[in-house]
Structures are given as C-alpha cells and as structure tokens.
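Note sheet for the following structure.
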Amino acid sequence: MMEYQTVDPGYKSLLRVVILIDTLLMLLLCLLPVLVVPAVQPWHGAVAAIVVIVAALLLAVFWVPKRFRLTGYSVQPQAVYFRTGALWRVQTVVTLNRIQHVEITQGPLERWLKLARLIIYTAGGKGSDLTVPGLPLGGAESIRDGLLRDIDSQYNETDEGSGQ
Amino acid sequence: MTTFERVSLLALIYFIGRTLGLFLRHAVNLIPLLVVIVTGGEQLRGVLLWVLPIALPLIVVLHALMSWWFFRYRAADQTLHLREGILKRTQLTLEYDRIQQADIRQPWYFRPFGLAVLGVESAGSEGREVELAGLLYARAESLRQAMMMQKPAQTDTPKADGAQAADLQITLPVTEIARYGLIHNPVLLIIPVLAYPLSQFDLIDDWLLPRLEGFVFTVSNGGSIFQSALLWSAMLLLALVLVVAISVVIAIVRYHGFTLSVSGQRYQTRAGLLTIVSRSFQYVRLQRLVWKQGLVARLLKRKGLRIDQSGRPDTLQQAKTFFIPILAHDRELELRQALGQSEPAWQSVHPMSMALPWVFCSALVVFVAALASDWEMYWIGVAAVFALPLTGLLVWAGWRRRGVFVDDDWLALRRGLIGHQQRWIPACKMQTLSVTQGPWLRVWGMSALHVYSAAGRETIAWLPSPQIEDLQMRLMTRTGDYRGRWM
C-alpha cells in the first residue's frame with residue numbers, strides 16, 4: 001500500500017469557509033420567499049433555515065475532517081497519485097510521461113489562507129486533469145519543480161522522448 | 001532553402017468558395033443593411049437593386065483574388081510555412097512531426113486540371129485545419145509523403161505500436177457501398193430538420209387532409225377500403241424506397257471505389273465519385289478504435305470502423321474522420337489482425353449494475369402512466385406489471401452485451417442493445433486513470449475506472465474493487481514504462 005501525504009491542515013479551514021458561504025447563500029434563499037411571496041409564512045422559512053444550518057454543521061463537523069483525512073497525494077518516480085472524497089471516493093493517477101503542463105493557482109480564499117492548488121494537465125481533455133487542492137504555496141512550488149526535474153531527466157534518458 | 005511560392009491561379013475557384021463560405025458566416029452582421037434597404041426609400045432601393053447584383057460578385061471575386069495573391073507557402077524538410085491574410089497577415093509554421101492526419105482532396109472542379117487540395121490536421125488544442133489548395137496532384141502526393149514519413153528511431157515496438165507483418169489492401173465493390181447506404185441513412189436524419197420548414201407550407205392542411213377526407217368519403221360511400229388502403233401503403237412504401245435510394249446514391253457518391261491500404265505504419269483510404277478524398281495517417285497516432293454495428297448492419301452482417309486520433313472525435317463531421325464504412329466478417333478479421341487487435345475474452349460486469357437502471361426505467365414508465373391516467377390505481381398497476389419485466393428484460397439484454405477486456409496491448413469495451421459497439425484503446429497510451437467509488441458501489445465492494453485517452457473518456461464500472469485497482473496499476477505501469485512515441 002502506498003503512503004499518501006496529506007495536504008495542509010488549512011484545507012479544512014478552506015472547506016469550512018466554503019460551507020459557510022454556501023450556507024449564507026442558502027439562508028438568503030430561505031429568506032427571500034418569506035419576504036416576496038405572501039403565502040409563505042415566516043415559520044416555513046425558519047424550518048428551512050434550521051435544516052440548512054443543521055446540514056452545514058454536520059458537514060463542518062463530520063464531513064470536513066473525513067474529507068481532509070482521505071485527501072492526499074503521492075509523487076512517485078513514475079507517476080503522481082491523488083485521492084480525495086469522503087463519500088464519493090476518487091483516486092487518480094497520471095504518469096509523468098503524459099504530463100502536458102503544470103499549473104499553480106490561488107483563488108482569493110486560498111490566498112487569504114495561504115494555500116494553493118496544483119493542477120496537472122494531460123492530453124485527455126476535459127476532466128482529465130489532476131488537481132491537488134490545499135497545498136501550502138511553497139509546497140506546491142516544490143512539487144512542481146520536482147515533477148519538472150523528473151520529467152526532464154526521463155526525457156533525456158531516451159533519445160526519442162515521449163512525443164510531447 | 002526554397003522560397004515562398006503561390007498556388008496555381010486555378011485555385012481561385014477554391015478561394016471563391018472559401019470567400020462565399022466566409023461571407024455566409026458573416027451574413028448575420030449584414031442584417032442592419034437590410035434595415036437601410038427597407039427604410040431607405042424608393043430611390044435608394046432602386047440604386048441598391050442595381051448595385052448589389054454587380055457589386056457583390058465583384059467583391060467576392062476581388063476578395064478571393066487577393067486571398068489567392070497573399071497566400072504563399074513554403075515546404076521545407078520538416079516544416080510547412082504558410083503566409084496568408086489580406087490585411088491581417090498570419091504566418092503559420094507547422095512541424096510535420098505534429099501532423100495527425102493528411103488528406104488529399106481532388107474536388108470535381110480541380111480534377112480536369114490535375115490539381116488537388118492538401119489538408120492537414122495538427123495535434124494542437126484548437127485542431128486548426130490547414131489547407132493548401134491548387135497543388136498539382138503529384139506535388140501534393142510527394143508533400144504528404146514527406147509529412148507522413150516515420151521517424152527512423154523506434155526503440156521498442158510492441159504489438160500495439162505497429163509491428164504488422166503483412167500489408168493489406170481492401171477495396172469495396174459498389175454493392176458493398178450500396179449496403180452502406182442502407183445502413184447509414186442520412187436522409188432519415190434530415191427529415192426532422194426538414195419537418196419544420198415543410199410545416200410552414202401547410203402541407204398537412206392543404207394537401208394531406210383533403211385527401212384523407214376524400215379517402216374517408218370514398219369508404220363511407222361504399223368504396224373499397226382495401227383498394228384505398230393498398231394505394232396508401234403503396235405510396236408510403238414508395239416514399240420509403242425513395243428515401244433509401246437517395247441514401248444509397250449519397251453513399252455511392254461519397255465512397256465510390258473505396259480503397260483502404262495498409263503498408264507498415266501507414267494507413268490510407270481513398271474514395272469518392274466526383275470529389276476524390278484520400279486520407280492517411282500513421283499507426284503511432286492511433287488513439288482509439290471504434291467498431292460499430294447498428295440494427296441494419298447486424299442484419300447484413302457488416303461492421304464499420306472509425307479510427308480516432310488525438311482530440312475530440314468530431315462524430316457529426318464524419319468528413320474529417322478516418323472511417324471505413326463497411327466491412328464483411330473476413331475483411332474485419334484481416335483488418336483486426338493488421339491493427340494488432342487481440343482476440344478478446346470478454347468479462348461481464350457485476351449483475352448488480354442492472355438494479356438502478358431497471359428501477360429508474362420502470363419508475364419512469366409507471367410515473368408516465370400515472371400522469372396519463374390521472375393517478376388511477378388500476379392503470380398504475382397495469383403499467384407496473386408490464387414495465388417491470390419488460391424493462392428488466394431490456395436492461396438484462398444490455399448487461400449481457402456489456403463487456404470488458406484488458407491485455408498488455410489493449411483496453412477494450414463492448415456494449416449495445418440492438419446494435420453493437422466496441423471501443424479499443426492502446427494500453428500504452430493512457431493519459432489519466434481515475435478510480436471512483438460512490439456509496440452504492442461501496443455497498444457491493446465494486447469500483448469504477450475512468451480511462452482518459454487522448455481521444456476521449458471511457459468508463460469501466462461495476463467490477464470488484466481489487467480488480468479495478470489492479471487494472472489501474474497495470475495500465476499505469478504499461479503507460480509509464482512505454483518509452484516510444486504515443487502521438
């Protein structure tokens with residue numbers, strides 16, 4: 001069994017902030033009909049809001065740690081592995097000789113939490129890229145540099161190269 | 001170092017065609033002009049009526065002429081350089097190494113002059129097509145030869161990389177092409193598209209209804225039902241025959257004299273009655289094989305093969321794909337051997353994969369019945385009694401045809417209900433391999449494997465988790481160890 005490296009604990013905060021934002025949006029959705037539609041009583045909205053809040057709490061308390069625990073990556077000499085998902089589990093592998101380019105992105109939230117996302121693109125088209133979320137920026141950069149170094153040395157080993 | 005050269009002046013016809021195409025695409029932008037014409041008053045209309053028929057063709061020809069003048073190309077040893085554009089100049093450099101597929105088209109209007117259009121597709125993300133029109137056929141052929149030259153150094157050549165022994169040539173006689181016309185019926189596909197404009201002509205109200213009334217009138221006045229019915233079925237049959245005949249004619253125009261020739265790494269097809277298209281690619285570019293057999297094809301015992309290269313296969317635009325329309329069984333076996341396809345030992349997926357589709361399909365039927373009968377218990381019951389076994393049977397038939405096969409060279413999938421389809425991907429050309437498992441699959445200890453090749457995604461679902469993980473490892477190792485060219 002392979003050892004997966006967990007991502008930065010800040011990933012948990014990131015997930016929770018996203019849940020918080022979604023919850024606020026949902027609460028707004030609960031509030032709107034109460035204000036706009038006369039037939040909707042305030043307590044309808046209240047019940048809906050409670051459901052939303054309970055669901056958000058459950059996600060934040062139980063789902064987030066589990067998701068964090070099961071999210072990990074592993075860079076091997078031949079391939080990069082990544083797994084994620086608490087309920088819908090995904091485990092992805094990309095071999096180094098198929099990597100087209102590597103990208104590091106930071107959204108505003110990620111910048112605030114000092115996290116970065118590493119995206120590895122292949123020629124497989126939509127959905128075929130491998131995204132490792134919740135990495136510290138320096139960590140993401142060092143993974144990228146290591147990957148590019150490995151690809152370079154692989155490329156030099158063979159006269160032909162891998163075609164790309 | 002050769003210099004840039006122009007294509008033959010006769011290519012002007014091609015450029016006019018291209019200008020017209022461009023013009024049509026941008027015609028929407030000219031709609032404001034219509035407003036000017038409509039509101040411009042009598043005098044302006046009179047002037048425009050004279051100017052437009054003279055000016056428009058003049059503009060088109062002038063544009064084409066200038067496009068031709070500024071279109072220059074230079075074919076070096078390893079690269080093709082193009083310069084084009086009247087105001088916005090573009091320079092394009094294309095390495096032969098990156099060319100996925102090269103076509104030589106001999107349009108009917110070029111054939112008397114011995115000219116051809118050379119079209120190449122590169123592996124870039126935009127899949128931009130590059131066309132060189134008005135080359136002498138021999139020149140186009142030699143250029144393509146240079147483009148399709150394989151690099152000499154091939155370190156390892158496993159079966160899936162083209163260690164074919166024998167060369168192969170398949171020619172389809174006109175009877176086979178006619179059969180393809182029966183299998184592939186583009187006219188039937190056009191009918192729904194035509195239905196709307198036709199409906200604008202009030203055909204049903206003005207033509208069909210009076211005749212139907214006439215029919216009812218004849219019958220009610222003692223005319224023979226049998227005679228009228230016969231007349232009507234004969235007319236329907238005639239319409240069907242006409243539709244099929246048109247399809248056959250289209251097939252013959254397109255695929256007349258179809259020849260597939262395989263020599264080592266190089267695959268080439270050549271076909272066409274008026275416009276002859278010859279298309280070739282190298283075996284290393286192969287990313288996926290799709291064998292297809294629809295209902296009619298199954299009755300005729302024929303199959304079709306599409307060979308996908310990098311990039312999304314444009315299934316709608318069949319004109320650009322490497323396609324062998326129809327193959328009898330013995331030919332199919334020969335080609336399979338040439339392509340290095342293994343003898344598949346299909347493995348079924350877990351029978352539980354049938355559960356959800358069965359439940360959903362049945363529920364859908366019952367729901368529709370409930371809506372139609374206004375939630376009457378009796379009809380809901382009847383629908384359930386019929387839907388459950390029937391959809392069960394269909395789902396089961398689909399499951400029986402589903403199959404997976406993996407060996408060192410290929411990953412193959414098969415599916416179908418009425419028709420039949422097989423997809424083969426070279427095991428050493430995987431891009432991303434992803435194992436997924438939702439809660440429902442986890443209950444049964446199953447997983448799914450999503451395989452991304454450069455030609456698209458395939459999914460193998462409902463195999464035991466250990467086997468799926470093993471499959472992923474196997475394909476990963478095969479791809480990772482592969483040091484040859486993959487595209």
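Each chain in the structure tokens gets a letter, A, B and so on, in the order shown; residues start at 1 in every chain, and ligands are counted from 1 in the order they appear.
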Show me a table, sorted first by chain and then by increasing residue number, of the residues of chain B having an atom at most 9 Å from chain A, each with its shortest atom pair and the distance in Å to one decimal, counting only C-alpha atoms and written as a Markdown table.
```
| residue | atom | partner | partner_atom | distance |
| --- | --- | --- | --- | --- |
| B:Ser125 | CA | A:Ala123 | CA | 8.9 |
| B:Ala153 | CA | A:Glu160 | CA | 7.2 |
| B:Gln154 | CA | A:Glu160 | CA | 7.8 |
| B:Thr155 | CA | A:Glu160 | CA | 7.9 |
| B:Ser310 | CA | A:Ala123 | CA | 8.0 |
| B:Gly311 | CA | A:Gly125 | CA | 7.6 |
| B:Arg312 | CA | A:Gly125 | CA | 8.0 |
| B:Lys429 | CA | A:Arg98 | CA | 8.6 |
| B:Met430 | CA | A:Arg98 | CA | 8.0 |
| B:Gln431 | CA | A:Gly124 | CA | 5.5 |
| B:Thr432 | CA | A:Val94 | CA | 5.0 |
| B:Leu433 | CA | A:Val93 | CA | 5.3 |
| B:Ser434 | CA | A:Thr92 | CA | 4.1 |
| B:Val435 | CA | A:Gln91 | CA | 5.0 |
| B:Thr436 | CA | A:Val90 | CA | 4.3 |
| B:Gln437 | CA | A:Arg89 | CA | 5.0 |
| B:Gly438 | CA | A:Trp88 | CA | 4.2 |
| B:Pro439 | CA | A:Leu87 | CA | 6.1 |
| B:Val451 | CA | A:Ser128 | CA | 8.7 |
| B:Tyr452 | CA | A:Gly124 | CA | 5.1 |
| B:Ser453 | CA | A:Gly124 | CA | 5.1 |
| B:Ala454 | CA | A:Gly124 | CA | 4.5 |
| B:Ala455 | CA | A:Gly124 | CA | 6.9 |
| B:Gly456 | CA | A:Gly124 | CA | 6.2 |
| B:Arg457 | CA | A:Gly124 | CA | 7.5 |
| B:Gln472 | CA | A:Val93 | CA | 8.3 |
| B:Met473 | CA | A:Val93 | CA | 8.9 |
| B:Met476 | CA | A:Thr95 | CA | 6.7 |
| B:Thr477 | CA | A:Gln78 | CA | 8.2 |
| B:Thr479 | CA | A:Thr95 | CA | 7.1 |
| B:Gly480 | CA | A:Thr95 | CA | 5.5 |
| B:Asp481 | CA | A:Gln78 | CA | 8.2 |
| B:Tyr482 | CA | A:Ser162 | CA | 8.4 |
| B:Arg483 | CA | A:Ser162 | CA | 6.1 |
| B:Gly484 | CA | A:Ser162 | CA | 6.1 |
| B:Arg485 | CA | A:Gly163 | CA | 4.8 |
| B:Trp486 | CA | A:Gly163 | CA | 6.0 |
| B:Met487 | CA | A:Gly163 | CA | 6.1 |
```
Exercise. How would you write, as a PyMOL selection string, the set of residues in chain A that DSSP gives as alpha helix (DSSP H)?
Worked result: chain A and resi 10-36+42-58+64-70+108-112+137-157
Near Gly45 (chain A), counting only C-alpha atoms, which residues have an atom at most 12 Å away, once you skip same-chain residues fewer than 4 positions from it, shown as a PDB file with N, CA and C atoms, in the first residue's frame?
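In the end it all went to selection-v2.pdb:
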```pdb
ATOM      1  N   MET A  26     -27.700  29.907   1.003  1.00  0.00           N
ATOM      2  CA  MET A  26     -28.916  29.106   1.171  1.00  0.00           C
ATOM      3  C   MET A  26     -29.894  29.809   2.110  1.00  0.00           C
ATOM      4  N   LEU A  27     -29.340  30.408   3.178  1.00  0.00           N
ATOM      5  CA  LEU A  27     -30.200  31.120   4.128  1.00  0.00           C
ATOM      6  C   LEU A  27     -30.904  32.284   3.437  1.00  0.00           C
ATOM      7  N   LEU A  28     -30.168  32.934   2.566  1.00  0.00           N
ATOM      8  CA  LEU A  28     -30.752  34.028   1.788  1.00  0.00           C
ATOM      9  C   LEU A  28     -31.909  33.497   0.942  1.00  0.00           C
ATOM     10  N   LEU A  29     -31.697  32.326   0.368  1.00  0.00           N
ATOM     11  CA  LEU A  29     -32.736  31.682  -0.432  1.00  0.00           C
ATOM     12  C   LEU A  29     -33.959  31.343   0.425  1.00  0.00           C
ATOM     13  N   CYS A  30     -33.714  30.989   1.707  1.00  0.00           N
ATOM     14  CA  CYS A  30     -34.832  30.693   2.606  1.00  0.00           C
ATOM     15  C   CYS A  30     -35.606  31.969   2.945  1.00  0.00           C
ATOM     16  N   LEU A  31     -34.858  33.057   3.043  1.00  0.00           N
ATOM     17  CA  LEU A  31     -35.450  34.320   3.483  1.00  0.00           C
ATOM     18  C   LEU A  31     -36.287  34.970   2.371  1.00  0.00           C
ATOM     19  N   LEU A  32     -35.786  34.888   1.151  1.00  0.00           N
ATOM     20  CA  LEU A  32     -36.412  35.594   0.029  1.00  0.00           C
ATOM     21  C   LEU A  32     -37.899  35.299  -0.154  1.00  0.00           C
ATOM     22  N   PRO A  33     -38.305  34.003  -0.233  1.00  0.00           N
ATOM     23  CA  PRO A  33     -39.732  33.722  -0.447  1.00  0.00           C
ATOM     24  C   PRO A  33     -40.596  34.299   0.667  1.00  0.00           C
ATOM     25  N   VAL A  34     -40.057  34.290   1.908  1.00  0.00           N
ATOM     26  CA  VAL A  34     -40.825  34.828   3.039  1.00  0.00           C
ATOM     27  C   VAL A  34     -41.139  36.301   2.796  1.00  0.00           C
ATOM     28  N   LEU A  35     -40.156  37.020   2.259  1.00  0.00           N
ATOM     29  CA  LEU A  35     -40.349  38.446   2.021  1.00  0.00           C
ATOM     30  C   LEU A  35     -41.201  38.717   0.791  1.00  0.00           C
ATOM     31  N   VAL A  36     -41.038  37.881  -0.225  1.00  0.00           N
ATOM     32  CA  VAL A  36     -41.651  38.181  -1.521  1.00  0.00           C
ATOM     33  C   VAL A  36     -43.026  37.537  -1.683  1.00  0.00           C
ATOM     34  N   VAL A  37     -43.109  36.231  -1.381  1.00  0.00           N
ATOM     35  CA  VAL A  37     -44.368  35.516  -1.601  1.00  0.00           C
ATOM     36  C   VAL A  37     -45.238  35.636  -0.356  1.00  0.00           C
ATOM     37  N   ALA A  39     -47.917  34.037   0.498  1.00  0.00           N
ATOM     38  CA  ALA A  39     -48.446  32.784   1.013  1.00  0.00           C
ATOM     39  C   ALA A  39     -47.454  32.068   1.927  1.00  0.00           C
ATOM     40  N   VAL A  40     -46.176  32.412   1.822  1.00  0.00           N
ATOM     41  CA  VAL A  40     -45.163  31.730   2.640  1.00  0.00           C
ATOM     42  C   VAL A  40     -45.082  32.390   4.008  1.00  0.00           C
ATOM     43  N   GLN A  41     -45.341  31.599   5.050  1.00  0.00           N
ATOM     44  CA  GLN A  41     -45.301  32.101   6.423  1.00  0.00           C
ATOM     45  C   GLN A  41     -43.849  32.184   6.901  1.00  0.00           C
ATOM     46  N   ALA A  49     -34.487  27.171   7.200  1.00  0.00           N
ATOM     47  CA  ALA A  49     -33.203  27.692   7.668  1.00  0.00           C
ATOM     48  C   ALA A  49     -32.561  26.747   8.667  1.00  0.00           C
ATOM     49  N   ILE A  50     -33.381  26.165   9.560  1.00  0.00           N
ATOM     50  CA  ILE A  50     -32.836  25.236  10.560  1.00  0.00           C
ATOM     51  C   ILE A  50     -32.245  24.010   9.869  1.00  0.00           C
ATOM     52  N   VAL A  51     -32.988  23.501   8.870  1.00  0.00           N
ATOM     53  CA  VAL A  51     -32.486  22.335   8.118  1.00  0.00           C
ATOM     54  C   VAL A  51     -31.127  22.659   7.507  1.00  0.00           C
ATOM     55  N   VAL A  52     -31.050  23.852   6.882  1.00  0.00           N
ATOM     56  CA  VAL A  52     -29.803  24.251   6.234  1.00  0.00           C
ATOM     57  C   VAL A  52     -28.669  24.335   7.248  1.00  0.00           C
TER      58      VAL A  52
END
```
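Relative to CA of Arg139 (chain B), CA of Arg279 (chain B) is found at 15.6 Å.
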Exercise. Which residues come within 9 Å of Gly107 (chain A), counting only C-alpha atoms, excluding same-chain residues fewer than 4 positions away, as a PyMOL selection string?
Worked result: chain A and resi 111-112+115-117
For this session: Apply DSSP to the structure's backbone, then extract all residues of region 69-143 of chain A labelled strand (DSSP E) and return them as number ranges by chain.
Result: A: 72-75, 79-84, 89-95, 101-105, 115-121, 130-136
For this session: In Å, rounded to a single decimal, give me how far CA of Ile425 (chain B) is from CA of Tyr4 (chain A).
Result: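 Between these atoms lies a distance of 29.3 Å.
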Problem set entry | Residues within 12 Å of Val243 (chain B), only C-alpha atoms, excluding chain neighbours under 6 positions, as a PyMOL selection string | chain B and resi 181-182+184-191+236-237+249-250
For this session: With a distance cut-off of 6 Å and only C-alpha atoms, select the neighbouring residues of Arg288 (chain B), excluding the residue or stretch itself and same-chain residues fewer than 3 positions from it, and output the selection as number ranges by chain.
Result: B: 307-308, 424-425
For this session: Would you list the contacts of Ala461 (chain B) as a ChimeraX atom specification, taking every protein, DNA or RNA residue within 10 Å and counting only C-alpha atoms, but skipping same-chain residues closer than 6 positions in sequence?
Result: /B:349-350,353,404,435-437,441,446-450,468
Could you save the residues just selected, with C-alpha atoms, as a short mmCIF file (atom, residue, chain, number, x, y, z; two decimals), in the first residue's frame?
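What follows is the written file part28.cif:
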```cif
data_model
loop_
_atom_site.label_atom_id
_atom_site.label_comp_id
_atom_site.auth_asym_id
_atom_site.auth_seq_id
_atom_site.Cartn_x
_atom_site.Cartn_y
_atom_site.Cartn_z
CA VAL B 349 -19.53 -6.66 -15.11
CA HIS B 350 -21.35 -7.31 -11.86
CA SER B 353 -25.19 -2.86 -12.23
CA VAL B 404 -14.51 -5.51 -20.68
CA VAL B 435 -10.84 5.09 -9.84
CA THR B 436 -14.12 6.22 -8.34
CA GLN B 437 -16.43 4.66 -5.81
CA LEU B 441 -20.82 0.82 -5.37
CA MET B 446 -17.29 -2.52 -6.51
CA SER B 447 -15.47 0.39 -8.16
CA ALA B 448 -15.38 2.19 -11.47
CA LEU B 449 -12.37 3.08 -13.57
CA HIS B 450 -12.40 6.18 -15.77
CA ILE B 468 -10.24 -2.29 -10.72
#
```
